[in-house]
Amino acid sequence: MLDVLTTPLQRLLRERKPGHSLPAAFYLSPEVFEADMEHIFGKHWIYVGVEPDVPEPGDVAVFDIGKASIAVVRDEGGEVRAYHNVCRHRGARLVEDEKTTVGNLVCRYHSWTYDLTGALIHADHMGPGFDRACHGLKPVHIRSLEGLLFVCLADEPPADFDDMARRLGPYLAPHNVRGTKVAFQSDIVEPGNWKLTMENNRECYHCGVNHPELTVPLFAYGFGFAPEEMDEHDRAEAERYGRLLTSRHADWEAAGLPSREIDELDTMVTGFRTERLPLDGEGESHTLDTRAACRKLLGDFTSAKLGGLSVWTQPNSWHHFLGDHIITFSVLPLDADRSLLRTKWLVRKDAVEGVDYDLANLTGVWLATNDQDSHLVGLCHKGAQSPGYEPGPYSPNTEMLVDKFVNWYAGRMAAHVGR
Amino acid sequence: MLDVLTTPLQRLLRERKPGHSLPAAFYLSPEVFEADMEHIFGKHWIYVGVEPDVPEPGDVAVFDIGKASIAVVRDEGGEVRAYHNVCRHRGARLVEDEKTTVGNLVCRYHSWTYDLTGALIHADHMGPGFDRACHGLKPVHIRSLEGLLFVCLADEPPADFDDMARRLGPYLAPHNVRGTKVAFQSDIVEPGNWKLTMENNRECYHCGVNHPELTVPLFAYGFGFAPEEMDEHDRAEAERYGRLLTSRHADWEAAGLPSREIDELDTMVTGFRTERLPLDGEGESHTLDTRAACRKLLGDFTSAKLGGLSVWTQPNSWHHFLGDHIITFSVLPLDADRSLLRTKWLVRKDAVEGVDYDLANLTGVWLATNDQDSHLVGLCHKGAQSPGYEPGPYSPNTEMLVDKFVNWYAGRMAAHVGR
Amino acid sequence: MLDVLTTPLQRLLRERKPGHSLPAAFYLSPEVFEADMEHIFGKHWIYVGVEPDVPEPGDVAVFDIGKASIAVVRDEGGEVRAYHNVCRHRGARLVEDEKTTVGNLVCRYHSWTYDLTGALIHADHMGPGFDRACHGLKPVHIRSLEGLLFVCLADEPPADFDDMARRLGPYLAPHNVRGTKVAFQSDIVEPGNWKLTMENNRECYHCGVNHPELTVPLFAYGFGFAPEEMDEHDRAEAERYGRLLTSRHADWEAAGLPSREIDELDTMVTGFRTERLPLDGEGESHTLDTRAACRKLLGDFTSAKLGGLSVWTQPNSWHHFLGDHIITFSVLPLDADRSLLRTKWLVRKDAVEGVDYDLANLTGVWLATNDQDSHLVGLCHKGAQSPGYEPGPYSPNTEMLVDKFVNWYAGRMAAHVGR
């Protein structure tokens with residue numbers, strides 16, 4: 001693949017205009033898509049799910065990254081492991097269900113049997129010359145960041161995961177992901193390139209006219225504005241928001257909740273960003289009444305008035321950690337023009353649906369927001385196909401994180417294919 | 001694209017056998033399809049619709065030519081303009097509906113706003129360094145031929161449009177397209193290459209056994225025959241038709257209706273042909289009773305016994321102008337093996353459905369004929385895929401216009417890629 | 001095509017590991033698929049159907065091999081002929097239905113008419129310079145092996161068909177295919193490469209855990225096992241089966257039924273294998289009660305206790321000939337990841353459904369088995385897409401015929417493209 005690709009992709013990288021959306025080929029070309037899967041999704045830490053997806057020994061969850069199917073397994077010792085989900089005999093897919101619980105991993109084709117550490121422990125008819133030890137499942141690198149699961153398909157994963165984990169860990173720990181369960185999962189296929197899905201996520205310039213539900217809890221000012229365009233009223237509001245942010249950060253940090261911005265979106269191989277932001281209204285949660293959706297709070301929290309801790313990781317995730325629940329998003333490219341957006345809502349493990357939380361209330365804001373975003377992504381994908389498409393300028397006031405996503409992407413691609 | 005393509009396409013052009021259907025690659029190859037879209041549909045005048053699609057200021061109609069989406073707008077001054085339907089900011093498709101009416105063109109993603117002349121008049125948060133004047137909508141060339149709308153995606157469109165307009169205009173003018181409305185539009189996807197759809201349209205050798213409805217008003221003799229194969233009865237009928245044609249042409253021309261054949265199908269860049277032909281039966285219209293389908297006649301006509309003015313343009317349209325209504329067809333390739341056939345039935349603007357015309361009666365003949373043709377196109381496309389396919393000979397007596405379509409196509413392609 | 005392909009395909013052939021499943025590209029690559037269609041399905045004898053598909057003069061059956069559509073016709077003299085199913089005029093597909101009965105073959109586009117020997121006998125409007133004799137249907141090589149129909153798209157088909165026919169004929173003749181009718185045909189699309197469908201067919205290692213219906217009549221021991229892994233009970237069973245096989249072969253051969261194995265699976269261009277195997281239970285048929293499904297027996301048989309004569313041909317068929325019915329399978333690739341499996345159940349021509357046989361009973365075992373196999377093929381195809389896929393070892397005790405299929409395939413491909 002690469003021989004053919006290197007030259008044009010290098011030229012595309014050289015010729016892209018900083019501060020602007022990408023040349024159309026980055027969104028449309030099957031060749032660029034192959035390169036994305038090989039170099040971006042094949043060589044970086046990809047967020048796929050959470051430890052509560054496999055809470056008990058023997059639990060298996062299957063995640064697909066492009067054509068790679070990965071079985072994430074909790075072994076008898078409680079450790080989370082990951083394997084290529086393919087039998088070493090005739091290559092059949094091993095685990096068919098998205099989630100299951102097993103004693104061993106048994107291929108249904110010819111009953112080759114692997115234990116939870118991936119060792120081949122049974123294979124009939126193979127004769128005396130056959131060495132089981134050479135035919136165990138192939139492991140995949142997996143790391144848990146306070147319960148968030150990241151896998152890497154490369155032989156040598158980026159080494160700076162530890163640095164991210166050290167700095168992000170204290171922000172996440174109080175929300176205790178491991179003490180939650182998945183209350184709901186939504187999978188939608190967005191009709192556009194995965195980078196358009198990511199760009200859409202990285203700004204809230206579009207929120208005002210497109211997200212009537214999300215802008216109930218979210219302050220628009222939290223995502224940037226052009227000061228020179230504001231009238232007196234808007235300026236007063238923006239200043240009020242600025243004071244609120246400073247004072248809340250001070251309060252939260254004093255209470256042991258790390259809250260101030262860390263931004264390494266385009267400065268690390270494993271790019272990430274976090275910040276705890278105040279919410280509007282009651283200030284508790286991403287709900288239409290801005291109050292907690294779950295009566296049982298996360299971790300050791302005694303109040304839900306904690307704003308929302310937002311976390312972004314490159315290339316494919318974002319997360320909102322609230323006092324009562326967590327919403328976590330992964331983007332998994334299907335082909336150049338379709339992307340899976342997977343959203344999970346996590347609540348405390350012992351919370352009971354219908355008693356402690358109402359599912360419609362819990363999921364309402366983001367189910368609506370995802371649908372709205374999916375439509376916008378589709379419009380951009382169609383637009384990029386037009387011969388009239390030309391990369392347009394990002395707003396320096398509201399699209400800084402989009403710019404950083406694109407910079408990270410272009411930099412990482414160039415690091416692998418040259419420029 | 002072209003680097004890879006030039007050589008084989010040139011060889012295909014060199015090796016095609018004149019007077020025969022094209023080598024299979026012209027119908028099947030995705031590479032030839034790309035070349036068709038780039039050189040034929042990207043560099044010639046393409047018929048897309050009619051002025052009555054955008055009757056009033058603010059009316060917008062969207063037409064897709066391949067991946068290009070084009071917004072045709074009637075501006076405040078009544079002028080018809082065309083733009084690439086893509087926002088200059090993040091590239092979102094601007095107008096989503098096929099038809100709409102607007103004050104300004106507003107992108108729903110971030111509310112960038114363009115007036116009807118394409119100027120960017122509003123864009124939030126872009127900061128002081130941003131120049132709106134550099135971010136207006138990109139115009140597309142558009143021309144109206146007595147109300148028939150042709151667009152050209154090239155920077156420099158073929159110059160001979162004016163010549164065609166000068167010569168065709170007097171034929172069309174009496175039917176007053178601008179004084180009509182679209183009574184019905186049918187979009188069908190034909191399961192074959194667009195050139196097979198065009199070839200199918202360019203002959204009536206197949207009408208006798210395939211079009212029981214169309215051959216009620218249409219004289220088979222009007223589309224050619226092999227004189228040496230005729231028996232006495234057929235020869236007498238053909239001679240009768242010949243005399244009828246001559247006498248009607250004389251009558252119509254005397255009455256101010258240009259009617260005699262002009263054929264520039266393969267002799268101009270903007271190839272076209274026209275001729276007014278007598279109809280069978282009552283001789284009024286393309287209906288099953290051969291009478292006018294609409295009580296209100298077009299233009300200043302006082303009788304519908306005007307035969308049918310047929311107009312063909314390369315590469316993608318044909319039209320039948322009757323005394324009471326107009327049927328107009330455009331072919332828009334979707335991919336190498338699927339083509340959109342769009343048919344519009346136009347009646348006088350003030351005609352009332354159910355009072356002045358019955359929609360089923362108006363559309364019956366051509367809805368049936370289109371379906372029959374679509375099936376035939378599918379058979380040819382399947383046949384071309386066979387290793388047993390070999391270009392076959394066109395009839396010198398009934399497939400002359402097919403031959404001219406293919407000559408025009410091959411000549412225009414060669415003019416752009418060499419031969 | 002070939003220019004681009006030769007090098008990588010040659011390298012793939014050189015680098016494959018004998019005794020192992022193929023490198024993933026053989027199952028997935030569209031380029032390899034094109035080569036498969038050109039060299040394997042385009043240059044070998046392909047099993048497509050049976051003489052009872054066209055029992056009477058004028059009967060036509062259409063078979064598709066990739067993009068090639070082939071009309072098999074029984075002519076007035078009773079001879080079975082095959083033609084490319086495409087009109088010599090404008091290339092329309094000639095016969096649309098899968099089966100029909102005609103006087104002549106008439107193209108519905110412009111009524112060009114061919115007689116059953118393929119001669120063009122009618123074409124209107126073509127003028128005096130047109131020579132009908134040059135525009136007959138293009139013939140395709142076809143051979144009947146005791147009623148099994150094989151076609152070859154190459155100009156010069158493999159010459160060893162006669163050798164196969166001479167040796168296989170006596171095995172098949174007693175079952176009298178020509179005296180049967182098609183009681184039922186099932187077409188299913190398996191979600192995998194055609195070679196995975198063939199590999200799946202060539203072993204019964206997977207039968208025990210996947211085919212509860214098929215293993216009622218079929219002895220597992222008939223398809224191999226690893227003697228060194230057996231316990232005392234299994235060894236006794238295996239020995240019992242061995243004695244049964246030897247004694248039945250002797251009985252059947254004495255009664256005039258050739259039964260002993262011939263295996264030329266990877267030693268001839270037209271590779272094949274046959275053997276008559278005892279059945280379990282009542283030993284009569286592939287049914288759930290192991291008794292004959294049809295009261296009228298085939299040929300001159302007076303008892304159904306004949307075991308099952310199995311026949312395999314490369315690249316795309318297998319067959320089971322029982323005393324009361326025949327089940328015959330052809331695999332026709334649709335694209336790299338979809339394959340048509342066509343199964344026909346043949347019973348004696350004068351047997352009456354509902355009287356002599358119950359259709360559900362006749363077809364039950366193999367309809368279930370096909371569905372199970374289709375699922376397994378899908379698992380292997382998905383597995384081959386994984387970056388964790390690595391060709392795995394075939395069992396030397398139960399997957400010998402898989403190995404021979406793969407050897408035949410690789411050898412034939414190398415013979416055509418080099419290695």
# chains A, B, ... in the order shown; residues from 1 in each chain; ligands from 1
call {"tool": "interface_residues", "arguments": {"of": "chain C", "to": "chain A", "cutoff": "9 Å", "atoms": "only C-alpha atoms", "output": "short mmCIF file (atom, residue, chain, number, x, y, z; two decimals) with all heavy atoms, in the first residue's frame"}}
result
data_model
loop_
_atom_site.label_atom_id
_atom_site.label_comp_id
_atom_site.auth_asym_id
_atom_site.auth_seq_id
_atom_site.Cartn_x
_atom_site.Cartn_y
_atom_site.Cartn_z
N HIS C 20 -0.48 -25.15 5.07
CA HIS C 20 -1.14 -24.11 5.86
C HIS C 20 -2.21 -23.41 5.03
O HIS C 20 -2.16 -23.41 3.80
CB HIS C 20 -0.12 -23.06 6.32
CG HIS C 20 0.78 -23.55 7.41
ND1 HIS C 20 1.72 -24.53 7.22
CD2 HIS C 20 0.89 -23.19 8.72
CE1 HIS C 20 2.38 -24.76 8.35
NE2 HIS C 20 1.89 -23.96 9.27
N SER C 21 -3.14 -22.79 5.74
CA SER C 21 -4.12 -21.97 5.04
C SER C 21 -3.39 -20.85 4.30
O SER C 21 -2.23 -20.57 4.58
CB SER C 21 -5.15 -21.41 6.04
OG SER C 21 -4.54 -20.57 6.99
N TYR C 205 -13.50 -32.37 9.77
CA TYR C 205 -12.98 -32.10 11.12
C TYR C 205 -13.98 -31.23 11.89
O TYR C 205 -14.15 -31.36 13.10
CB TYR C 205 -11.63 -31.37 10.92
CG TYR C 205 -10.79 -30.98 12.12
CD1 TYR C 205 -11.16 -31.24 13.44
CD2 TYR C 205 -9.57 -30.33 11.91
CE1 TYR C 205 -10.33 -30.85 14.50
CE2 TYR C 205 -8.75 -29.93 12.95
CZ TYR C 205 -9.15 -30.19 14.25
OH TYR C 205 -8.35 -29.80 15.30
N HIS C 206 -14.67 -30.36 11.13
CA HIS C 206 -15.62 -29.45 11.78
C HIS C 206 -17.02 -30.05 11.93
O HIS C 206 -17.90 -29.41 12.51
CB HIS C 206 -15.72 -28.13 10.98
CG HIS C 206 -16.44 -28.28 9.66
ND1 HIS C 206 -15.82 -28.65 8.49
CD2 HIS C 206 -17.75 -28.11 9.33
CE1 HIS C 206 -16.70 -28.69 7.50
NE2 HIS C 206 -17.87 -28.37 7.98
N CYS C 207 -17.25 -31.25 11.39
CA CYS C 207 -18.63 -31.77 11.36
C CYS C 207 -19.18 -32.05 12.76
O CYS C 207 -20.34 -31.71 13.06
CB CYS C 207 -18.71 -33.05 10.52
SG CYS C 207 -18.43 -32.76 8.75
N GLY C 208 -18.36 -32.66 13.58
CA GLY C 208 -18.85 -33.11 14.88
C GLY C 208 -19.56 -32.02 15.66
O GLY C 208 -20.70 -32.21 16.12
N VAL C 209 -18.94 -30.86 15.80
CA VAL C 209 -19.56 -29.83 16.63
C VAL C 209 -20.48 -28.89 15.86
O VAL C 209 -21.15 -28.06 16.46
CB VAL C 209 -18.49 -28.97 17.37
CG1 VAL C 209 -17.86 -29.79 18.49
CG2 VAL C 209 -17.43 -28.44 16.42
N ASN C 210 -20.50 -28.99 14.52
CA ASN C 210 -21.27 -28.01 13.76
C ASN C 210 -22.44 -28.59 12.97
O ASN C 210 -23.33 -27.84 12.59
CB ASN C 210 -20.35 -27.27 12.77
CG ASN C 210 -19.43 -26.30 13.47
OD1 ASN C 210 -19.87 -25.24 13.89
ND2 ASN C 210 -18.16 -26.66 13.63
N GLY C 224 -11.18 -39.06 8.44
CA GLY C 224 -9.86 -38.94 9.04
C GLY C 224 -9.88 -38.67 10.53
O GLY C 224 -10.85 -38.17 11.10
N PHE C 225 -8.77 -39.01 11.15
CA PHE C 225 -8.61 -38.81 12.60
C PHE C 225 -7.14 -39.00 12.93
O PHE C 225 -6.36 -39.49 12.10
CB PHE C 225 -9.47 -39.80 13.39
CG PHE C 225 -9.35 -41.22 12.91
CD1 PHE C 225 -8.29 -42.03 13.36
CD2 PHE C 225 -10.27 -41.76 12.01
CE1 PHE C 225 -8.16 -43.34 12.90
CE2 PHE C 225 -10.13 -43.06 11.55
CZ PHE C 225 -9.08 -43.86 12.00
N ALA C 226 -6.75 -38.60 14.15
CA ALA C 226 -5.36 -38.77 14.60
C ALA C 226 -5.29 -40.02 15.47
O ALA C 226 -5.77 -40.01 16.60
CB ALA C 226 -4.91 -37.54 15.38
N PRO C 227 -4.73 -41.10 14.96
CA PRO C 227 -4.77 -42.36 15.71
C PRO C 227 -4.08 -42.24 17.07
O PRO C 227 -4.57 -42.78 18.06
CB PRO C 227 -4.07 -43.35 14.78
CG PRO C 227 -3.38 -42.53 13.73
CD PRO C 227 -4.05 -41.21 13.67
N GLU C 228 -3.00 -41.49 17.13
CA GLU C 228 -2.22 -41.44 18.38
C GLU C 228 -2.98 -40.75 19.51
O GLU C 228 -2.61 -40.85 20.67
CB GLU C 228 -0.86 -40.77 18.15
CG GLU C 228 -0.92 -39.29 17.81
CD GLU C 228 -1.17 -39.04 16.32
OE1 GLU C 228 -1.40 -40.00 15.56
OE2 GLU C 228 -1.16 -37.87 15.94
N GLU C 229 -4.06 -40.03 19.18
CA GLU C 229 -4.81 -39.32 20.23
C GLU C 229 -5.99 -40.13 20.75
O GLU C 229 -6.72 -39.69 21.63
CB GLU C 229 -5.34 -37.99 19.68
CG GLU C 229 -4.25 -36.99 19.34
CD GLU C 229 -4.82 -35.75 18.63
OE1 GLU C 229 -6.06 -35.58 18.64
OE2 GLU C 229 -4.02 -34.99 18.07
N LEU C 376 -19.84 -20.60 9.09
CA LEU C 376 -18.42 -20.87 9.36
C LEU C 376 -17.53 -20.16 8.33
O LEU C 376 -16.48 -19.61 8.66
CB LEU C 376 -18.16 -22.39 9.33
CG LEU C 376 -18.89 -23.18 10.43
CD1 LEU C 376 -18.76 -24.68 10.18
CD2 LEU C 376 -18.34 -22.82 11.82
N VAL C 377 -17.95 -20.17 7.09
CA VAL C 377 -17.19 -19.49 6.03
C VAL C 377 -17.11 -17.99 6.34
O VAL C 377 -16.07 -17.36 6.20
CB VAL C 377 -17.85 -19.74 4.66
CG1 VAL C 377 -17.35 -18.76 3.60
CG2 VAL C 377 -17.58 -21.19 4.22
N GLY C 378 -18.23 -17.43 6.81
CA GLY C 378 -18.23 -16.02 7.19
C GLY C 378 -17.25 -15.73 8.32
O GLY C 378 -16.55 -14.71 8.30
N LEU C 379 -17.18 -16.62 9.28
CA LEU C 379 -16.24 -16.42 10.40
C LEU C 379 -14.80 -16.42 9.88
O LEU C 379 -13.95 -15.64 10.34
CB LEU C 379 -16.41 -17.51 11.45
CG LEU C 379 -17.72 -17.48 12.25
CD1 LEU C 379 -17.74 -18.65 13.24
CD2 LEU C 379 -17.88 -16.15 12.99
N CYS C 380 -14.50 -17.31 8.96
CA CYS C 380 -13.13 -17.38 8.41
C CYS C 380 -12.83 -16.14 7.58
O CYS C 380 -11.71 -15.63 7.61
CB CYS C 380 -12.96 -18.64 7.56
SG CYS C 380 -12.84 -20.12 8.57
N HIS C 381 -13.82 -15.67 6.84
CA HIS C 381 -13.57 -14.48 6.02
C HIS C 381 -13.30 -13.27 6.92
O HIS C 381 -12.37 -12.50 6.66
CB HIS C 381 -14.73 -14.22 5.08
CG HIS C 381 -14.36 -13.26 3.99
ND1 HIS C 381 -13.79 -13.67 2.82
CD2 HIS C 381 -14.42 -11.91 3.91
CE1 HIS C 381 -13.52 -12.61 2.06
NE2 HIS C 381 -13.91 -11.54 2.71
N LYS C 382 -14.11 -13.12 7.96
CA LYS C 382 -13.86 -12.01 8.90
C LYS C 382 -12.49 -12.16 9.55
O LYS C 382 -11.75 -11.20 9.72
CB LYS C 382 -14.93 -12.01 10.00
CG LYS C 382 -16.24 -11.39 9.56
CD LYS C 382 -17.17 -11.33 10.78
CE LYS C 382 -18.59 -11.00 10.37
NZ LYS C 382 -19.54 -11.36 11.44
N GLY C 383 -12.17 -13.40 9.93
CA GLY C 383 -10.88 -13.64 10.58
C GLY C 383 -9.72 -13.30 9.68
O GLY C 383 -8.72 -12.71 10.12
N ALA C 384 -9.85 -13.64 8.40
CA ALA C 384 -8.74 -13.37 7.47
C ALA C 384 -8.47 -11.88 7.32
O ALA C 384 -7.38 -11.46 6.96
CB ALA C 384 -9.04 -14.00 6.10
N GLN C 385 -9.50 -11.05 7.61
CA GLN C 385 -9.32 -9.59 7.51
C GLN C 385 -8.50 -9.03 8.66
O GLN C 385 -8.02 -7.90 8.59
CB GLN C 385 -10.70 -8.91 7.49
CG GLN C 385 -11.54 -9.28 6.27
CD GLN C 385 -12.92 -8.69 6.32
OE1 GLN C 385 -13.55 -8.64 7.37
NE2 GLN C 385 -13.41 -8.26 5.18
N SER C 386 -8.38 -9.79 9.72
CA SER C 386 -7.69 -9.28 10.91
C SER C 386 -6.19 -9.19 10.70
O SER C 386 -5.58 -10.08 10.11
CB SER C 386 -7.98 -10.23 12.08
OG SER C 386 -7.09 -10.00 13.14
N PRO C 387 -5.57 -8.12 11.20
CA PRO C 387 -4.10 -8.08 11.15
C PRO C 387 -3.49 -9.19 12.01
O PRO C 387 -2.31 -9.51 11.85
CB PRO C 387 -3.76 -6.69 11.71
CG PRO C 387 -4.98 -6.25 12.44
CD PRO C 387 -6.15 -6.93 11.79
N GLY C 388 -4.28 -9.80 12.88
CA GLY C 388 -3.79 -10.92 13.70
C GLY C 388 -3.87 -12.25 12.98
O GLY C 388 -3.40 -13.27 13.49
N TYR C 389 -4.44 -12.27 11.77
CA TYR C 389 -4.51 -13.53 11.02
C TYR C 389 -3.13 -13.95 10.54
O TYR C 389 -2.38 -13.14 10.01
CB TYR C 389 -5.44 -13.39 9.81
CG TYR C 389 -5.38 -14.60 8.88
CD1 TYR C 389 -6.09 -15.75 9.17
CD2 TYR C 389 -4.58 -14.58 7.73
CE1 TYR C 389 -6.02 -16.87 8.34
CE2 TYR C 389 -4.51 -15.69 6.90
CZ TYR C 389 -5.22 -16.83 7.20
OH TYR C 389 -5.15 -17.93 6.38
N GLU C 390 -2.85 -15.23 10.69
CA GLU C 390 -1.61 -15.81 10.16
C GLU C 390 -2.00 -17.19 9.66
O GLU C 390 -2.73 -17.91 10.34
CB GLU C 390 -0.59 -15.90 11.31
CG GLU C 390 0.77 -16.38 10.90
CD GLU C 390 1.71 -16.49 12.11
OE1 GLU C 390 1.73 -15.58 12.95
OE2 GLU C 390 2.40 -17.51 12.21
N PRO C 391 -1.53 -17.58 8.47
CA PRO C 391 -1.90 -18.91 7.97
C PRO C 391 -1.60 -19.98 9.02
O PRO C 391 -0.51 -20.01 9.59
CB PRO C 391 -1.01 -19.07 6.73
CG PRO C 391 -0.81 -17.67 6.24
CD PRO C 391 -0.70 -16.84 7.49
N GLY C 392 -2.60 -20.82 9.31
CA GLY C 392 -2.44 -21.84 10.33
C GLY C 392 -2.28 -23.22 9.70
O GLY C 392 -2.57 -23.41 8.52
N PRO C 393 -1.83 -24.19 10.51
CA PRO C 393 -1.51 -25.53 9.98
C PRO C 393 -2.76 -26.38 9.76
O PRO C 393 -3.64 -26.43 10.60
CB PRO C 393 -0.66 -26.13 11.09
CG PRO C 393 -1.15 -25.46 12.34
CD PRO C 393 -1.58 -24.07 11.95
N TYR C 394 -2.81 -27.06 8.60
CA TYR C 394 -3.86 -28.04 8.37
C TYR C 394 -3.51 -29.31 9.16
O TYR C 394 -2.34 -29.70 9.25
CB TYR C 394 -3.96 -28.40 6.89
CG TYR C 394 -4.41 -27.27 5.99
CD1 TYR C 394 -3.77 -27.02 4.78
CD2 TYR C 394 -5.52 -26.48 6.33
CE1 TYR C 394 -4.19 -26.00 3.93
CE2 TYR C 394 -5.94 -25.46 5.48
CZ TYR C 394 -5.28 -25.22 4.29
OH TYR C 394 -5.69 -24.22 3.46
N SER C 395 -4.53 -29.95 9.67
CA SER C 395 -4.32 -31.24 10.33
C SER C 395 -3.88 -32.27 9.29
O SER C 395 -4.54 -32.45 8.27
CB SER C 395 -5.61 -31.70 11.00
OG SER C 395 -5.57 -33.10 11.20
N PRO C 396 -2.76 -32.98 9.56
CA PRO C 396 -2.31 -34.00 8.61
C PRO C 396 -3.24 -35.23 8.63
O PRO C 396 -3.14 -36.08 7.76
CB PRO C 396 -0.92 -34.36 9.12
CG PRO C 396 -0.92 -33.99 10.56
CD PRO C 396 -1.88 -32.84 10.73
N ASN C 397 -4.16 -35.27 9.59
CA ASN C 397 -5.03 -36.43 9.71
C ASN C 397 -6.45 -36.20 9.21
O ASN C 397 -7.15 -37.14 8.86
CB ASN C 397 -5.11 -36.85 11.19
CG ASN C 397 -3.74 -37.21 11.74
OD1 ASN C 397 -3.13 -38.17 11.31
ND2 ASN C 397 -3.25 -36.38 12.65
N THR C 398 -6.88 -34.93 9.18
CA THR C 398 -8.28 -34.67 8.80
C THR C 398 -8.42 -33.59 7.73
O THR C 398 -9.53 -33.35 7.26
CB THR C 398 -9.12 -34.21 10.02
OG1 THR C 398 -8.59 -32.98 10.50
CG2 THR C 398 -9.11 -35.24 11.13
#
call {"tool": "residues_around", "arguments": {"residues": "Glu239 in chain B", "least_positions_apart": "3", "cutoff": "12 Å", "atoms": "only C-alpha atoms", "output": "list of chain:residue names"}}
result
B:Tyr221, B:Gly222, B:Phe225, B:Pro227, B:Met230, B:Glu232, B:His233, B:Asp234, B:Arg235, B:Ala236, B:Gly242, B:Arg243, B:Leu244, B:Leu245, B:Thr246
call {"tool": "closest_residue", "arguments": {"among": "A:Glu190, A:Glu284, A:Asp231, A:Val32", "to": "Gln10 in chain A", "atoms": "only C-alpha atoms"}}
result
A:Val32
call {"tool": "residues_around", "arguments": {"residues": "Arg11 in chain B", "least_positions_apart": "2", "cutoff": "12 Å", "atoms": "only C-alpha atoms", "output": "number ranges by chain"}}
result
B: 5-9, 13-17, 23, 25-26, 410, 413-414, 417-419
call {"tool": "atom_distance", "arguments": {"atom1": "CA of Asp280 in chain A", "atom2": "CA of Trp366 in chain A"}}
result
16.1 Å
call {"tool": "select_by_dssp", "arguments": {"residues": "range 55-236 of chain B", "states": "strand (DSSP E or B)", "output": "number ranges by chain"}}
result
B: 59-65, 68-74, 80-84, 86, 93, 99-101, 105-106, 113-114, 120-122, 139, 141-145, 148-152, 180-190
call {"tool": "write_last_selection", "arguments": {"atoms": "C-alpha atoms", "output": "compact mmCIF listing (two decimals), in the first residue's frame"}}
result
# COMPACT_ATOMS: atom_id res chain seq x y z
CA ASP B 59 -36.25 30.45 -5.13
CA VAL B 60 -33.45 27.92 -5.05
CA ALA B 61 -33.14 24.60 -6.90
CA VAL B 62 -30.25 22.23 -6.32
CA PHE B 63 -28.83 20.11 -9.14
CA ASP B 64 -26.13 17.50 -8.75
CA ILE B 65 -23.68 16.74 -11.55
CA ALA B 68 -20.80 18.69 -7.78
CA SER B 69 -23.84 20.16 -6.09
CA ILE B 70 -25.03 23.35 -7.72
CA ALA B 71 -27.48 25.81 -6.20
CA VAL B 72 -29.44 27.65 -8.86
CA VAL B 73 -30.93 30.83 -7.41
CA ARG B 74 -33.15 33.55 -8.76
CA VAL B 80 -30.87 33.29 -12.49
CA ARG B 81 -27.48 32.55 -10.93
CA ALA B 82 -25.64 29.37 -9.99
CA TYR B 83 -23.20 28.63 -7.16
CA HIS B 84 -21.24 25.71 -5.84
CA VAL B 86 -20.76 24.46 -0.35
CA ARG B 93 -23.34 21.53 2.03
CA LYS B 99 -36.06 23.09 -3.82
CA THR B 100 -36.57 25.87 -1.30
CA THR B 101 -37.16 29.60 -1.01
CA LEU B 105 -28.33 31.48 1.91
CA VAL B 106 -27.46 30.54 5.50
CA THR B 113 -24.70 33.94 5.63
CA TYR B 114 -24.53 34.75 1.92
CA LEU B 120 -20.69 36.61 2.40
CA ILE B 121 -22.54 39.10 4.57
CA HIS B 122 -22.22 37.52 8.02
CA PRO B 139 -20.12 30.96 -9.06
CA HIS B 141 -21.61 29.35 -15.37
CA ILE B 142 -25.29 29.20 -16.22
CA ARG B 143 -27.23 30.07 -19.38
CA SER B 144 -30.92 30.05 -20.17
CA LEU B 145 -31.98 28.99 -23.66
CA LEU B 148 -33.98 25.75 -20.55
CA LEU B 149 -31.12 25.97 -18.04
CA PHE B 150 -27.63 24.79 -18.94
CA VAL B 151 -24.66 24.96 -16.55
CA CYS B 152 -20.98 24.46 -17.20
CA THR B 180 -44.99 27.29 -17.78
CA LYS B 181 -44.83 25.50 -14.46
CA VAL B 182 -43.52 22.05 -13.59
CA ALA B 183 -46.66 19.92 -13.34
CA PHE B 184 -44.73 16.76 -12.47
CA GLN B 185 -41.19 15.53 -12.10
CA SER B 186 -40.09 11.89 -12.22
CA ASP B 187 -36.63 10.74 -11.12
CA ILE B 188 -35.68 7.17 -11.95
CA VAL B 189 -32.31 5.48 -11.58
CA GLU B 190 -31.51 3.46 -14.67
